Each structure stands twice: as C-alpha cells, then as structure tokens.
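**Q** Provided below: input-v8.cif, containing mmCIF, C-alpha atoms.
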```cif
data_run
loop_
_atom_site.label_atom_id
_atom_site.label_comp_id
_atom_site.auth_asym_id
_atom_site.auth_seq_id
_atom_site.Cartn_x
_atom_site.Cartn_y
_atom_site.Cartn_z
CA MET S 1 68.28 -31.36 69.67
CA ALA S 2 65.80 -31.88 72.50
CA ASP S 3 68.16 -31.29 75.38
CA GLY S 4 66.81 -28.95 78.06
CA ALA S 5 67.86 -25.32 77.95
CA ALA S 6 67.57 -23.81 81.38
CA GLY S 7 67.87 -20.07 81.33
CA SER S 8 67.25 -19.68 77.59
CA ILE S 9 64.39 -17.62 76.23
CA GLY S 10 61.18 -19.57 76.01
CA GLY S 11 62.87 -22.74 77.29
CA MET S 12 64.54 -23.35 73.93
CA ALA S 13 68.19 -22.92 73.01
CA PRO S 14 69.89 -22.68 69.63
CA ARG S 15 70.63 -26.04 68.04
CA SER S 16 74.37 -25.65 68.52
CA SER S 17 74.15 -24.97 72.25
CA ARG S 18 71.69 -27.80 72.83
CA ARG S 19 74.02 -30.21 71.00
CA LYS S 20 76.95 -28.93 73.03
CA GLY S 21 75.02 -29.54 76.25
CA SER S 22 74.18 -33.06 75.14
CA ILE S 23 77.77 -33.92 74.30
CA LEU S 24 78.99 -32.50 77.60
CA ALA S 25 76.47 -34.64 79.50
CA VAL S 26 77.60 -37.79 77.69
CA ALA S 27 81.22 -36.91 78.52
CA LYS S 28 80.37 -37.11 82.27
CA PRO S 29 81.80 -33.71 83.29
CA GLY S 30 81.62 -34.53 87.00
CA ILE S 31 83.96 -37.48 86.54
CA VAL S 32 86.29 -35.41 84.36
CA ALA S 33 86.45 -32.70 87.05
CA ALA S 34 87.37 -35.31 89.68
CA VAL S 35 90.09 -36.69 87.39
CA LEU S 36 91.54 -33.19 87.01
CA LEU S 37 91.60 -32.65 90.77
CA GLU S 38 93.31 -36.01 91.21
CA GLY S 39 95.93 -35.14 88.60
CA PHE S 40 96.49 -31.74 90.19
CA ALA S 41 96.94 -33.31 93.63
CA GLY S 42 99.51 -35.69 92.16
CA MET S 43 101.40 -32.80 90.58
CA ALA S 44 101.34 -30.75 93.79
CA LEU S 45 102.63 -33.74 95.74
CA ALA S 46 105.50 -34.29 93.32
CA SER S 47 106.33 -30.58 93.14
CA ARG S 48 106.12 -30.06 96.90
CA GLY S 49 104.20 -26.93 96.02
CA MET S 50 102.38 -25.26 93.14
CA PRO S 51 103.25 -27.05 89.89
CA ALA S 52 104.91 -25.09 87.09
CA ALA S 53 102.38 -23.50 84.73
CA GLY S 54 103.52 -25.27 81.54
CA PRO S 55 103.39 -28.86 82.78
CA LEU S 56 100.23 -28.10 84.76
CA LEU S 57 98.37 -26.83 81.69
CA GLY S 58 99.60 -29.72 79.58
CA CYS S 59 98.69 -32.33 82.17
CA LEU S 60 95.20 -31.01 82.88
CA THR S 61 94.45 -30.56 79.17
CA ALA S 62 95.59 -34.09 78.34
CA LEU S 63 93.64 -35.59 81.24
CA ALA S 64 90.47 -33.65 80.41
CA LEU S 65 90.51 -34.70 76.75
CA ALA S 66 91.35 -38.33 77.46
CA ALA S 67 88.91 -38.70 80.37
CA GLY S 68 86.07 -37.02 78.48
CA GLY S 69 86.70 -39.16 75.41
CA ALA S 70 86.90 -42.37 77.43
CA ALA S 71 83.65 -41.50 79.22
CA MET S 72 81.89 -40.88 75.90
CA LEU S 73 83.19 -44.13 74.42
CA ASN S 74 82.11 -45.98 77.56
CA ALA S 75 78.60 -44.52 77.31
CA SER S 76 78.29 -45.50 73.66
CA LEU S 77 79.50 -49.04 74.27
CA GLU S 78 77.08 -49.53 77.17
CA ALA S 79 74.08 -47.88 75.53
CA GLU S 80 72.11 -51.13 75.21
CA ARG S 81 72.52 -52.04 78.87
CA ASP S 82 72.09 -48.45 80.04
CA ALA S 83 68.73 -48.27 78.26
CA ARG S 84 67.37 -50.74 80.83
CA MET S 85 68.42 -48.53 83.76
CA GLU S 86 66.05 -45.79 84.89
CA ARG S 87 68.76 -43.57 86.35
CA LEU S 88 70.50 -43.41 82.97
CA ALA S 89 67.41 -42.66 80.90
CA ARG S 90 68.54 -39.12 80.10
CA ARG S 91 71.97 -40.21 78.96
CA THR S 92 70.60 -42.92 76.67
CA ALA S 93 68.10 -40.45 75.24
CA LEU S 94 70.93 -38.01 74.50
CA LEU S 95 72.92 -40.76 72.83
CA GLY S 96 69.95 -41.51 70.60
CA GLN S 97 69.62 -37.85 69.69
CA ILE S 98 73.28 -37.34 68.87
CA GLY S 99 73.89 -40.74 67.30
CA THR S 100 76.17 -43.48 68.58
CA GLY S 101 78.49 -43.18 65.60
CA ARG S 102 79.02 -39.47 66.16
CA VAL S 103 79.66 -39.98 69.86
CA ARG S 104 82.25 -42.68 69.18
CA ALA S 105 83.99 -40.56 66.55
CA ALA S 106 84.12 -37.60 68.93
CA ALA S 107 85.32 -39.86 71.75
CA LEU S 108 88.18 -41.28 69.70
CA GLY S 109 89.12 -37.78 68.59
CA LEU S 110 89.23 -36.49 72.16
CA MET S 111 91.28 -39.47 73.35
CA ALA S 112 93.73 -39.07 70.48
CA GLY S 113 93.97 -35.35 71.23
CA GLY S 114 94.65 -36.00 74.91
CA LEU S 115 97.36 -38.52 74.10
CA GLY S 116 98.87 -36.13 71.56
CA VAL S 117 99.02 -33.29 74.09
CA ALA S 118 100.58 -35.62 76.66
CA LEU S 119 103.26 -36.86 74.28
CA ALA S 120 104.04 -33.32 73.15
CA ARG S 121 104.04 -31.56 76.52
CA LEU S 122 104.70 -34.19 79.19
CA PRO S 123 107.30 -36.88 79.93
CA LEU S 124 106.79 -40.08 77.95
CA ALA S 125 105.85 -42.00 81.11
CA ALA S 126 102.91 -39.66 81.77
CA GLY S 127 101.62 -40.08 78.23
CA LEU S 128 101.88 -43.86 78.46
CA LEU S 129 99.96 -43.81 81.75
CA ILE S 130 97.15 -41.81 80.14
CA ALA S 131 96.97 -44.35 77.34
CA LEU S 132 96.94 -47.18 79.90
CA ALA S 133 94.16 -45.50 81.90
CA ALA S 134 91.94 -45.08 78.83
CA ALA S 135 92.63 -48.57 77.53
CA SER S 136 92.06 -50.29 80.88
CA TYR S 137 88.81 -48.36 81.40
CA ILE S 138 87.43 -49.41 78.04
CA PHE S 139 88.83 -52.91 77.59
CA LEU S 140 89.50 -54.18 81.12
CA TYR S 141 86.45 -52.73 82.85
CA THR S 142 83.74 -51.82 80.32
CA LEU S 143 84.07 -54.65 77.81
CA TRP S 144 85.25 -57.44 80.10
CA LEU S 145 84.86 -57.16 83.87
CA LYS S 146 81.68 -55.14 84.36
CA GLY S 147 79.37 -57.65 82.72
CA ARG S 148 81.13 -60.75 84.06
CA SER S 149 82.29 -60.36 87.64
CA PRO S 150 80.71 -58.89 90.78
CA TYR S 151 84.25 -57.96 91.82
CA GLY S 152 84.91 -55.97 88.66
CA ALA S 153 84.99 -52.72 90.62
CA ILE S 154 88.22 -53.78 92.33
CA PRO S 155 90.56 -54.08 89.30
CA GLY S 156 88.22 -51.67 87.53
CA GLY S 157 89.48 -48.99 89.89
CA ILE S 158 92.90 -49.01 88.22
CA PRO S 159 92.03 -46.53 85.43
CA GLY S 160 90.49 -44.15 87.95
CA ALA S 161 93.59 -44.27 90.15
CA LEU S 162 96.14 -43.78 87.36
CA PRO S 163 95.58 -39.99 86.99
CA ALA S 164 97.32 -39.60 90.36
CA LEU S 165 100.43 -41.17 88.84
CA VAL S 166 100.00 -39.19 85.63
CA GLY S 167 100.05 -35.95 87.60
CA TYR S 168 102.98 -37.08 89.74
CA ARG S 169 105.09 -38.15 86.79
CA ALA S 170 104.23 -34.98 84.86
CA ALA S 171 105.88 -32.92 87.60
CA ALA S 172 108.69 -35.18 88.82
CA PRO S 173 111.66 -36.71 86.98
CA ALA S 174 111.26 -40.02 88.84
CA TRP S 175 108.74 -42.04 90.82
CA GLY S 176 108.34 -41.49 94.56
CA VAL S 177 106.73 -43.50 97.33
CA ASP S 178 104.29 -40.65 98.00
CA GLY S 179 102.92 -40.90 94.45
CA VAL S 180 102.43 -44.63 94.88
CA ILE S 181 100.61 -44.04 98.19
CA LEU S 182 98.23 -41.57 96.53
CA PHE S 183 97.59 -44.15 93.80
CA ILE S 184 96.76 -46.77 96.47
CA VAL S 185 94.38 -44.36 98.21
CA MET S 186 92.54 -43.85 94.94
CA LEU S 187 92.52 -47.59 94.29
CA LEU S 188 90.99 -48.28 97.71
CA TRP S 189 88.39 -45.53 97.40
CA GLN S 190 86.77 -46.60 94.16
CA PRO S 191 85.22 -49.98 95.09
CA PRO S 192 83.23 -48.64 98.09
CA HIS S 193 82.25 -45.61 96.05
CA PHE S 194 80.84 -47.83 93.30
CA TRP S 195 79.26 -50.33 95.71
CA ALA S 196 77.34 -47.54 97.44
CA LEU S 197 75.92 -46.60 94.03
CA ALA S 198 75.20 -50.26 93.26
CA LEU S 199 73.30 -50.60 96.54
CA ALA S 200 71.20 -47.56 95.72
CA TYR S 201 70.40 -48.75 92.18
CA ARG S 202 70.62 -52.52 92.54
CA ASP S 203 67.25 -53.03 90.82
CA ASP S 204 68.51 -51.04 87.83
CA TYR S 205 71.63 -53.19 87.62
CA ARG S 206 69.57 -56.37 87.96
CA ARG S 207 67.33 -55.31 85.05
CA ALA S 208 70.39 -54.50 82.97
CA GLY S 209 71.92 -57.91 83.67
CA ILE S 210 75.03 -56.46 85.34
CA PRO S 211 76.22 -58.71 88.22
CA VAL S 212 77.20 -55.99 90.66
CA LEU S 213 78.05 -57.11 94.18
CA PRO S 214 74.63 -56.45 95.83
CA VAL S 215 72.89 -58.40 93.05
CA ALA S 216 75.33 -61.31 92.93
CA ARG S 217 76.36 -61.65 96.59
CA GLY S 218 73.64 -59.89 98.52
CA ILE S 219 73.30 -56.69 100.52
CA PRO S 220 74.90 -57.76 103.86
CA TYR S 221 78.03 -59.07 102.13
CA THR S 222 78.31 -55.88 100.08
CA LYS S 223 78.02 -53.68 103.16
CA ALA S 224 80.71 -55.67 104.98
CA LEU S 225 83.20 -55.49 102.10
CA LEU S 226 82.42 -51.82 101.53
CA LEU S 227 83.15 -50.98 105.16
CA LEU S 228 86.38 -52.99 105.02
CA TYR S 229 87.65 -50.97 102.07
CA ALA S 230 86.48 -47.68 103.54
CA THR S 231 88.25 -48.44 106.81
CA ALA S 232 91.48 -49.21 104.93
CA LEU S 233 91.37 -45.70 103.49
CA LEU S 234 92.21 -44.18 106.86
CA PRO S 235 95.69 -45.73 107.35
CA ALA S 236 96.38 -45.45 103.61
CA SER S 237 95.73 -41.70 103.62
CA LEU S 238 97.76 -41.24 106.82
CA ALA S 239 100.69 -42.93 105.06
CA LEU S 240 101.14 -39.68 103.13
CA TRP S 241 102.11 -38.16 106.47
CA LEU S 242 104.00 -41.14 107.88
CA PHE S 243 106.04 -41.94 104.77
CA GLY S 244 105.47 -38.93 102.54
CA PRO S 245 105.85 -35.17 102.59
CA CYS S 246 102.48 -34.26 104.08
CA SER S 247 102.41 -32.36 107.37
CA GLY S 248 100.65 -32.89 110.67
CA ARG S 249 97.83 -30.60 109.59
CA PHE S 250 97.14 -32.96 106.69
CA ALA S 251 97.13 -35.89 109.12
CA GLU S 252 94.51 -34.10 111.18
CA ALA S 253 92.42 -33.45 108.08
CA ALA S 254 92.78 -37.07 106.95
CA LEU S 255 91.67 -38.33 110.37
CA LEU S 256 88.68 -35.99 110.40
CA LEU S 257 87.64 -36.84 106.86
CA GLY S 258 88.18 -40.58 107.27
CA GLY S 259 86.29 -40.66 110.55
CA GLY S 260 83.46 -38.60 109.12
CA PHE S 261 83.24 -40.85 106.07
CA LEU S 262 83.03 -43.99 108.20
CA ALA S 263 80.45 -42.40 110.48
CA SER S 264 78.34 -41.44 107.47
CA LEU S 265 78.56 -44.96 106.07
CA TRP S 266 77.55 -46.47 109.40
CA TRP S 267 74.59 -44.14 109.81
CA ASN S 268 73.34 -44.14 106.22
CA MET S 269 74.20 -47.68 105.19
CA VAL S 270 74.20 -49.88 108.30
CA ARG S 271 71.70 -48.20 110.60
CA ARG S 272 69.48 -47.09 107.72
CA GLU S 273 69.22 -47.70 104.01
CA ARG S 274 70.01 -44.27 102.64
CA TYR S 275 72.51 -45.49 100.10
CA GLY S 276 72.35 -42.33 98.03
CA ARG S 277 73.68 -40.35 100.99
CA ALA S 278 76.46 -42.89 101.49
CA PHE S 279 77.40 -42.43 97.83
CA ALA S 280 77.39 -38.64 98.22
CA ALA S 281 79.59 -38.98 101.31
CA SER S 282 82.13 -40.96 99.29
CA VAL S 283 82.29 -38.19 96.69
CA ALA S 284 82.68 -35.47 99.32
CA TYR S 285 85.38 -37.48 101.12
CA LEU S 286 87.50 -37.89 98.01
CA LEU S 287 87.24 -34.30 96.82
CA LEU S 288 88.10 -32.92 100.25
CA LEU S 289 90.99 -35.36 100.74
CA LEU S 290 92.53 -34.48 97.36
CA ALA S 291 92.06 -30.79 98.12
CA ALA S 292 93.77 -31.33 101.48
CA VAL S 293 96.76 -32.98 99.77
CA ALA S 294 97.12 -30.10 97.32
CA ALA S 295 96.59 -27.41 99.96
CA ASP S 296 99.14 -28.99 102.29
CA MET S 297 101.75 -28.82 99.55
CA ILE S 298 100.89 -25.34 98.26
CA VAL S 299 99.93 -23.33 101.34
CA PRO S 300 102.96 -22.82 103.60
CA LEU S 301 102.77 -23.69 107.27
CA PRO S 302 102.46 -20.67 109.58
#
```
Now, as a test, write the supplied structure out as structure tokens.

**A**
Amino acid sequence: MADGAAGSIGGMAPRSSRRKGSILAVAKPGIVAAVLLEGFAGMALASRGMPAAGPLLGCLTALALAAGGAAMLNASLEAERDARMERLARRTALLGQIGTGRVRAAALGLMAGGLGVALARLPLAAGLLIALAAASYIFLYTLWLKGRSPYGAIPGGIPGALPALVGYRAAAPAWGVDGVILFIVMLLWQPPHFWALALAYRDDYRRAGIPVLPVARGIPYTKALLLLYATALLPASLALWLFGPCSGRFAEAALLLGGGFLASLWWNMVRRERYGRAFAASVAYLLLLLAAVAADMIVPLP
C-alpha cells in the first residue's frame, strides 16, 4: 500500500501497517471519536454519574464498530462524487488502493459486529437505535438526500444525533426528557456544522454536483440560516439545566461555550470569510459541550 508512514524507518512501513492506516482513514476516526463521546455523555446523563463498566464497554464498542462501518460504507458509495473534490483526494486514493469491494465487505462486517454487540450486551431499544442510525445515514442521507436537496443536512442530522439516545437508553431502563434534550441539541448542531464546511468547500461541492446550501441558495442565505441554528443551540443546551439534571456550573459552561461559538461565527463567517475557522469552532463547541455534560454528572459539586 502507498499510504504514508510517518515515523517508520526510511519513510516506509510494513504492508500490514500501511493497509491498517488506510482502512482507519476511510473509517473516519475523528467522526467515530465524536460519536463515542456523544454516547458517553448520554450514558452519564442517564446514570447521573459514571456509567457502570459493563454497559459502558458494550455501548462504546457497539457504537465504534457501527459508526466506523457506516463511515466506510458511506465513503465507498460516494467514491465517484468524492473523486471530483480536492479535499477528499487522499480518501479516494486510499479507496482505490484498498478496493471498493473490500471496503464494503469490511464495512458490512463492522456494522454487523456493532449490532451484534448491542443486541448481546445492551437493551433491545439501544440496539434498534444503532441500526436506525446506520440505516438512516446510508439510505436517508447518503443515497437520497445529499444529492437531491440543499436542505439534506437538516434531516441528515438524525443519524448523528441518535448516539445520544443510544447511550441514554443503554444506561437507563426508560426514556427521560433530558435524553431527548441532548438529542435535540445534537440535531440542531449538525446543520450549521455541515454548512460551515460547505461554505469553505463550496467549489468542491459544485464540481461534484452536490446541491449543498451555499451552491443552491447562495452564501448570504446560508450564513443567515446557519446563524439561526447556532443561536438556537444556546437555549437548547440550557434546557439541560432548566428541565434536566445539570447544575448551575453546567449552565455557566453552556453560556460561555454558546456565546463563544456565536462570537466565532460572527467574526469568522460574517465579518470575514474564514469558513474553515468557523467549522473548527463548531467542532470545538460540540466536544467541549459534551464533555461539560459528562463532567457535570460525574464530578461531584464541591
């Protein structure tokens, strides 16, 4: 394999490690890590503290396998369109090296493994939610909405928000309003996150024939809708304090993070055109907010 081998002798790595690196890149490990943090936050919220080790291990294993498999299947299904996008040149090259058939087989195996772990170690509802997340990501978003509607990122956020409910249901015997609120927060976050990326790479999406919002409706409209969704995140996150178990210290963190996110969007997206920084701010906001949820549940108040 021709994948880079940083840190290996002479710049070359053994075939097995280079193939492993390629497969990991196609599986989008950054997205998988975010899914795991989301699931963990959902479990901590439901447990009102540190989740029990058994369900925690089962939940994170099932989510990692299913999310990695779904990401690989998504990459293989979109290989033709991705080949026309400069930012995805490395991924499409890796797909060509590994082979689309192998990637799809590995993806289906990982997804089946994740579902199997969930059904064996978690409540049935959690396993069904994992199956729904994978299916909606592939069929609802990848194969249907993404190539047809500039608003595909809105319902397309459902599979990315479901891990919050997976984690919650893996740790609790019943649904709670706090789990639903966390799901809504995730649902609101994903469109502005994607639209910031679409603004930064709108020429790539135009070449690929994908009607993302900046291409189909223009930049000013995209910025306005993005800011509307980002603003809605602030009251939605505070609802975990108003109607859920989160404390005042979480409310302070949510206010600080939400205000900082909006300020970054205004400076990098409205005043200037540094869309990549706006995208990075959306990632930082989500990771810190999920960490704040988990920390508020796990770390006792002084």

**Q** Under the rule of at most 9 Å, produce a per-residue listing of region 169-283 of chain S near region 20-42 of chain S: chain, number, name, the closest pair of atoms, and the distance in Å, as CSV, using only C-alpha atoms.

**A**
```
residue,atom,partner,partner_atom,distance
S:Arg169,CA,S:Gly42,CA,8.1
S:Ala170,CA,S:Gly42,CA,8.7
S:Ala171,CA,S:Gly42,CA,8.3
S:Gly179,CA,S:Gly42,CA,6.6
S:Leu182,CA,S:Gly42,CA,7.4
S:Phe183,CA,S:Gly42,CA,8.8
S:Met186,CA,S:Glu38,CA,8.7
```

**Q** Counting all atoms listed in the file, figure out which residue out of S:Arg104, S:Trp144, S:Cys246, S:Gly167 gets nearest to Val299 (chain S).

**A**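 Looking only at the distances to Val299 (chain S), the closest residue turns out to be S:Cys246.
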
**Q** So which residues get picked by the PyMOL selection byres ((chain S and resi 249) around 12) here, written as a PyMOL selection string?

**A** chain S and resi 238+240-241+245-248+250-256+292-293+295-297+299-302

**Q** Take the PyMOL selection byres ((chain S and resi 188) around 9), apply it to the structure above, and return the hits as a list in words.

**A**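 For this structure, the PyMOL selection byres ((chain S and resi 188) around 9) resolves to Ile154, Gly157, Ala161, Phe183, Ile184, Val185, Met186, Leu187, Trp189, Gln190, Pro191, Pro192, Tyr229, Ala230, Ala232, Leu233 and Ala236 of chain S.
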
**Q** Residues picked by the PyMOL selection byres ((chain S and resi 127-130) around 8) here, as a list in words?

**A** Leu63, Ala66, Leu115, Ala118, Leu119, Leu122, Pro123, Leu124, Ala125, Ala126, Ala131, Leu132, Ala133, Ala134, Leu162, Pro163, Leu165 and Val166 of chain S

**Q** Find, counting all atoms listed in the file, the residue in S:Arg121, S:Arg81, S:Arg91, S:His193 that gets nearest to Ala208 (chain S).

**A**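 The closest residue to Ala208 (chain S) is S:Arg81.
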
**Q** Counting all atoms listed in the file, figure out which residue out of S:Leu60, S:Asn268, S:Ala239, S:Phe261 gets nearest to Ala281 (chain S).

**A**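 Answer, going by the shortest atom-to-atom distance: S:Phe261.
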
**Q** List as a PyMOL selection string: which residues have an atom within 12 Å of (81.7, -51.0, 108.8), counting all atoms listed in the file?

**A** chain S and resi 192+220-232+259+261-271

**Q** Next, write the just-selected residues to a file, as an mmCIF file, keeping the file's coordinate frame, keeping C-alpha atoms as the atom set.

**A**
```
data_model
loop_
_atom_site.group_PDB
_atom_site.id
_atom_site.type_symbol
_atom_site.label_atom_id
_atom_site.label_comp_id
_atom_site.auth_asym_id
_atom_site.auth_seq_id
_atom_site.Cartn_x
_atom_site.Cartn_y
_atom_site.Cartn_z
ATOM 1 C CA PRO S 192 83.230 -48.640 98.090
ATOM 2 C CA PRO S 220 74.900 -57.760 103.860
ATOM 3 C CA TYR S 221 78.030 -59.070 102.130
ATOM 4 C CA THR S 222 78.310 -55.880 100.080
ATOM 5 C CA LYS S 223 78.020 -53.680 103.160
ATOM 6 C CA ALA S 224 80.710 -55.670 104.980
ATOM 7 C CA LEU S 225 83.200 -55.490 102.100
ATOM 8 C CA LEU S 226 82.420 -51.820 101.530
ATOM 9 C CA LEU S 227 83.150 -50.980 105.160
ATOM 10 C CA LEU S 228 86.380 -52.990 105.020
ATOM 11 C CA TYR S 229 87.650 -50.970 102.070
ATOM 12 C CA ALA S 230 86.480 -47.680 103.540
ATOM 13 C CA THR S 231 88.250 -48.440 106.810
ATOM 14 C CA ALA S 232 91.480 -49.210 104.930
ATOM 15 C CA GLY S 259 86.290 -40.660 110.550
ATOM 16 C CA PHE S 261 83.240 -40.850 106.070
ATOM 17 C CA LEU S 262 83.030 -43.990 108.200
ATOM 18 C CA ALA S 263 80.450 -42.400 110.480
ATOM 19 C CA SER S 264 78.340 -41.440 107.470
ATOM 20 C CA LEU S 265 78.560 -44.960 106.070
ATOM 21 C CA TRP S 266 77.550 -46.470 109.400
ATOM 22 C CA TRP S 267 74.590 -44.140 109.810
ATOM 23 C CA ASN S 268 73.340 -44.140 106.220
ATOM 24 C CA MET S 269 74.200 -47.680 105.190
ATOM 25 C CA VAL S 270 74.200 -49.880 108.300
ATOM 26 C CA ARG S 271 71.700 -48.200 110.600
#
```

**Q** One number please: CA of Ala46 (chain S) to CA of Ile181 (chain S), in Å, one decimal.

**A**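 Going from CA of Ala46 (chain S) over to CA of Ile181 (chain S), I get 11.9 Å.
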
**Q** Limit the output to C-alpha atoms and give region 112-138 of chain S as a short mmCIF file (atom, residue, chain, number, x, y, z; two decimals), in the first residue's frame.

**A**
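Final output, saved to decode.cif:
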```
data_model
loop_
_atom_site.label_atom_id
_atom_site.label_comp_id
_atom_site.auth_asym_id
_atom_site.auth_seq_id
_atom_site.Cartn_x
_atom_site.Cartn_y
_atom_site.Cartn_z
CA ALA S 112 -22.99 -6.36 11.78
CA GLY S 113 -20.48 -6.71 14.61
CA GLY S 114 -21.65 -3.49 16.23
CA LEU S 115 -25.28 -4.53 16.03
CA GLY S 116 -24.41 -7.96 17.41
CA VAL S 117 -22.59 -6.47 20.39
CA ALA S 118 -25.51 -4.12 21.04
CA LEU S 119 -28.10 -6.89 20.93
CA ALA S 120 -25.97 -9.10 23.19
CA ARG S 121 -24.89 -6.52 25.76
CA LEU S 122 -27.43 -3.68 25.68
CA PRO S 123 -31.21 -3.25 25.95
CA LEU S 124 -33.07 -4.03 22.75
CA ALA S 125 -34.03 -0.36 22.29
CA ALA S 126 -30.36 0.68 22.19
CA GLY S 127 -29.58 -1.94 19.55
CA LEU S 128 -32.52 -0.86 17.43
CA LEU S 129 -31.39 2.77 17.65
CA ILE S 130 -27.91 1.81 16.43
CA ALA S 131 -29.48 0.01 13.48
CA LEU S 132 -31.68 3.04 12.79
CA ALA S 133 -28.68 5.40 12.93
CA ALA S 134 -26.68 3.32 10.45
CA ALA S 135 -29.62 2.80 8.11
CA SER S 136 -30.68 6.45 8.11
CA TYR S 137 -27.10 7.59 7.47
CA ILE S 138 -26.72 5.32 4.46
#
```
